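Novice: Here it is, the structure, as structure tokens.
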Amino acid sequence: MRFIPTTLKDAVLIEAEPREDHRGWFERTFCMEEMAGAGLKTGFVQHNSSYNHAAGTLRGMHYQRAPHSEVKVITCTRGRIQDVIIDLRPDSPTYLKWEGFDLKAGDHRQLYIPEGFAHGYLTLEDATAVSYLVSAAYTPGAEGGVRWDDPAFGIDWAAEVSVISEKDAAWPDFQPA
Ligand SMILES: Cc1cn([C@H]2C[C@H](O)[C@@H](COP(=O)(O)OP(=O)(O)O[C@H]3O[C@@H](C)C(=O)[C@@H](O)[C@H]3O)O2)c(=O)[nH]c1=O
């Protein structure tokens with residue numbers, strides 16, 4: 001595994017190292033020893049998948065409040081997404097900054113998102129699926145969100161948003177802590 005820093009503190013792109021032979025390839029997509037060695041958390045409690053019928057579907061921007069904060073490790077398993085994270089940790093040098101990542105099926109890449117970030121994605125192709133590990137149990141009462149078009153962040157989405165849940169369209173304007 002290769003660990004590539006992003007512009008946001010503690011968020012990391014993980015590149016797998018496929019070993020190829022005449023059958024195809026083999027790679028590690030999770031390795032406790034290598035990830036812990038790179039300073040990443042490895043205690044995952046759920047493995048989730050979501051499927052989206054149409055390009056232009058937006059899910060996010062989500063987080064869970066402490067003490068239910070989550071690390072997430074995101075993989076695009078079918079199609080293509082613009083995956084976006086926002087650093088919402090007031091004590092971070094990259095507080096309120098966002099970064100977007102082009103993830104697509106078969107790219108051998110995963111995005112490691114630390115606790116304290118909002119996360120969301122926009123599908124760039126029809127029939128797109130996303131798989132992700134999370135480090136804390138789903139706790140609806142601790143759920144928080146940031147609206148995808150909140151002017152506080154000015155996220156530069158790669159395509160028009162055409163499908164979104166009522167919940168995600170209605171997150172209020174961000175209020176700094
Ligand atoms: C996230 C989640 C949802 N659910 C249920 C609640 C609801 O009935 C249905 C769909 O939930 P949502 O609309 O919240 O699903 P979704 O919008 O896909 O939520 C996800 O969005 C991405 C961007 C993330 O980062 C994830 O952590 C998660 O928040 O699934 C669970 O049972 N367990 C879970 O862990």
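Letters A, B, ... mark the chains of the structure tokens in the order given; residue numbers begin at 1 per chain; ligand numbers begin at 1, in order shown.
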Please, which residues have at least one atom within 10 Å of an atom of ligand 1, using only C-alpha atoms and all ligand atoms, listed as a PyMOL selection string?

Specialist: chain A and resi 46-52+58-64+70-74+83-85+113+117-122+130-134+136-140+143-145+164-168

Novice: List every residue of chain A that DSSP, applied to the backbone of this structure, places in alpha helix (DSSP H), and write the result as a list in words.

Specialist: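 Residues of chain A classed as alpha helix (DSSP H): Met32, Glu33, Glu34, Met35, Ala36, Gly37, Glu166, Lys167, Asp168 and Ala169 of chain A.
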
Novice: Quick one: write out the picked residues with N, CA and C atoms as a PDB file, in the first residue's frame?

Specialist:
ATOM      1  N   MET A  32      -4.113  -4.101   8.362  1.00  0.00           N
ATOM      2  CA  MET A  32      -4.000  -3.462   9.677  1.00  0.00           C
ATOM      3  C   MET A  32      -2.557  -3.031   9.947  1.00  0.00           C
ATOM      4  N   GLU A  33      -1.625  -3.910   9.632  1.00  0.00           N
ATOM      5  CA  GLU A  33      -0.233  -3.619   9.961  1.00  0.00           C
ATOM      6  C   GLU A  33       0.295  -2.424   9.156  1.00  0.00           C
ATOM      7  N   GLU A  34       0.064  -2.436   7.863  1.00  0.00           N
ATOM      8  CA  GLU A  34       0.579  -1.335   7.031  1.00  0.00           C
ATOM      9  C   GLU A  34      -0.126  -0.020   7.354  1.00  0.00           C
ATOM     10  N   MET A  35      -1.437  -0.093   7.566  1.00  0.00           N
ATOM     11  CA  MET A  35      -2.170   1.149   7.831  1.00  0.00           C
ATOM     12  C   MET A  35      -1.793   1.713   9.197  1.00  0.00           C
ATOM     13  N   ALA A  36      -1.707   0.849  10.205  1.00  0.00           N
ATOM     14  CA  ALA A  36      -1.291   1.328  11.526  1.00  0.00           C
ATOM     15  C   ALA A  36       0.120   1.897  11.461  1.00  0.00           C
ATOM     16  N   GLY A  37       0.983   1.259  10.658  1.00  0.00           N
ATOM     17  CA  GLY A  37       2.350   1.758  10.493  1.00  0.00           C
ATOM     18  C   GLY A  37       2.401   3.146   9.887  1.00  0.00           C
ATOM     19  N   GLU A 166     -34.173  14.491   0.398  1.00  0.00           N
ATOM     20  CA  GLU A 166     -34.748  15.688   1.042  1.00  0.00           C
ATOM     21  C   GLU A 166     -33.875  16.122   2.201  1.00  0.00           C
ATOM     22  N   LYS A 167     -33.383  15.149   2.943  1.00  0.00           N
ATOM     23  CA  LYS A 167     -32.521  15.461   4.102  1.00  0.00           C
ATOM     24  C   LYS A 167     -31.282  16.231   3.662  1.00  0.00           C
ATOM     25  N   ASP A 168     -30.644  15.774   2.599  1.00  0.00           N
ATOM     26  CA  ASP A 168     -29.387  16.406   2.186  1.00  0.00           C
ATOM     27  C   ASP A 168     -29.595  17.770   1.534  1.00  0.00           C
ATOM     28  N   ALA A 169     -30.777  17.973   0.936  1.00  0.00           N
ATOM     29  CA  ALA A 169     -31.057  19.281   0.323  1.00  0.00           C
ATOM     30  C   ALA A 169     -31.347  20.328   1.396  1.00  0.00           C
TER      31      ALA A 169
END

Novice: Just list as JSON, numbers by chain whatever in chain A DSSP marks as strand (DSSP E).

Specialist: {"A": [2, 3, 4, 5, 12, 13, 14, 15, 19, 20, 21, 24, 25, 26, 46, 47, 48, 49, 50, 51, 52, 57, 58, 59, 60, 61, 62, 63, 64, 72, 73, 74, 75, 76, 77, 78, 80, 81, 82, 83, 84, 85, 86, 87, 98, 99, 100, 101, 102, 103, 104, 109, 110, 111, 112, 113, 117, 118, 119, 120, 121, 122, 123, 128, 129, 130, 131, 132, 133, 134, 143, 144, 145, 163, 164]}

Novice: Between atom CA of Phe101 of chain A and atom CA of His53 of chain A, what is the spacing in Å?

Specialist: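 So the answer is 20.5 Å.
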
Novice: Which residue out of A:Thr57, A:Thr42, A:Gln82, A:Ser162 has the minimum interatomic distance to Pro114 of chain A when only C-alpha atoms are used?

Specialist: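 Smallest distance to Pro114 of chain A is found for A:Thr42.
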
Novice: Can you list, as a VMD selection string, every protein, DNA or RNA residue that comes within 10 Å of Asp149 of chain A when you count only C-alpha atoms, leaving out same-chain residues fewer than 4 positions away?

Specialist: chain A and resid 61 153 to 157 161 169 171 173

Novice: Could you write out that same residue set with N, CA and C atoms as a short mmCIF file (atom, residue, chain, number, x, y, z; two decimals), in the first residue's frame?

Specialist:
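Everything below was put into selection.cif:
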data_model
loop_
_atom_site.label_atom_id
_atom_site.label_comp_id
_atom_site.auth_asym_id
_atom_site.auth_seq_id
_atom_site.Cartn_x
_atom_site.Cartn_y
_atom_site.Cartn_z
N MET A 61 -23.43 16.31 2.67
CA MET A 61 -22.10 16.04 3.25
C MET A 61 -22.32 15.62 4.72
N PHE A 153 -18.39 27.14 1.93
CA PHE A 153 -17.33 26.26 1.41
C PHE A 153 -17.10 26.46 -0.09
N GLY A 154 -18.13 26.74 -0.83
CA GLY A 154 -17.99 26.96 -2.28
C GLY A 154 -17.39 25.76 -3.00
N ILE A 155 -17.91 24.59 -2.73
CA ILE A 155 -17.37 23.38 -3.37
C ILE A 155 -17.61 23.45 -4.88
N ASP A 156 -16.56 23.14 -5.64
CA ASP A 156 -16.62 23.18 -7.10
C ASP A 156 -16.99 21.78 -7.60
N TRP A 157 -18.29 21.51 -7.68
CA TRP A 157 -18.74 20.19 -8.10
C TRP A 157 -18.48 19.99 -9.59
N VAL A 161 -25.97 18.64 -10.11
CA VAL A 161 -26.62 17.75 -9.14
C VAL A 161 -28.09 17.61 -9.55
N ALA A 169 -30.78 17.97 0.94
CA ALA A 169 -31.06 19.28 0.32
C ALA A 169 -31.35 20.33 1.40
N TRP A 171 -29.94 20.58 4.71
CA TRP A 171 -29.01 20.90 5.81
C TRP A 171 -28.89 22.42 5.90
N ASP A 173 -27.41 26.32 6.76
CA ASP A 173 -26.11 26.96 6.53
C ASP A 173 -25.17 26.63 7.69
#

Novice: For a quick check of understanding, using only C-alpha atoms, which of A:Leu88, A:Ala11, A:Glu115, A:Glu125 has the smallest distance to Leu103 of chain A?

Specialist: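 Closest to Leu103 of chain A, using only C-alpha atoms: A:Glu125.
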
Novice: Which of these, A:Thr128, A:Ala152, A:Met1, A:Gly79, has the shortest distance to Lys97 of chain A once you count only C-alpha atoms?

Specialist: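 Closest to Lys97 of chain A, using only C-alpha atoms: A:Ala152.
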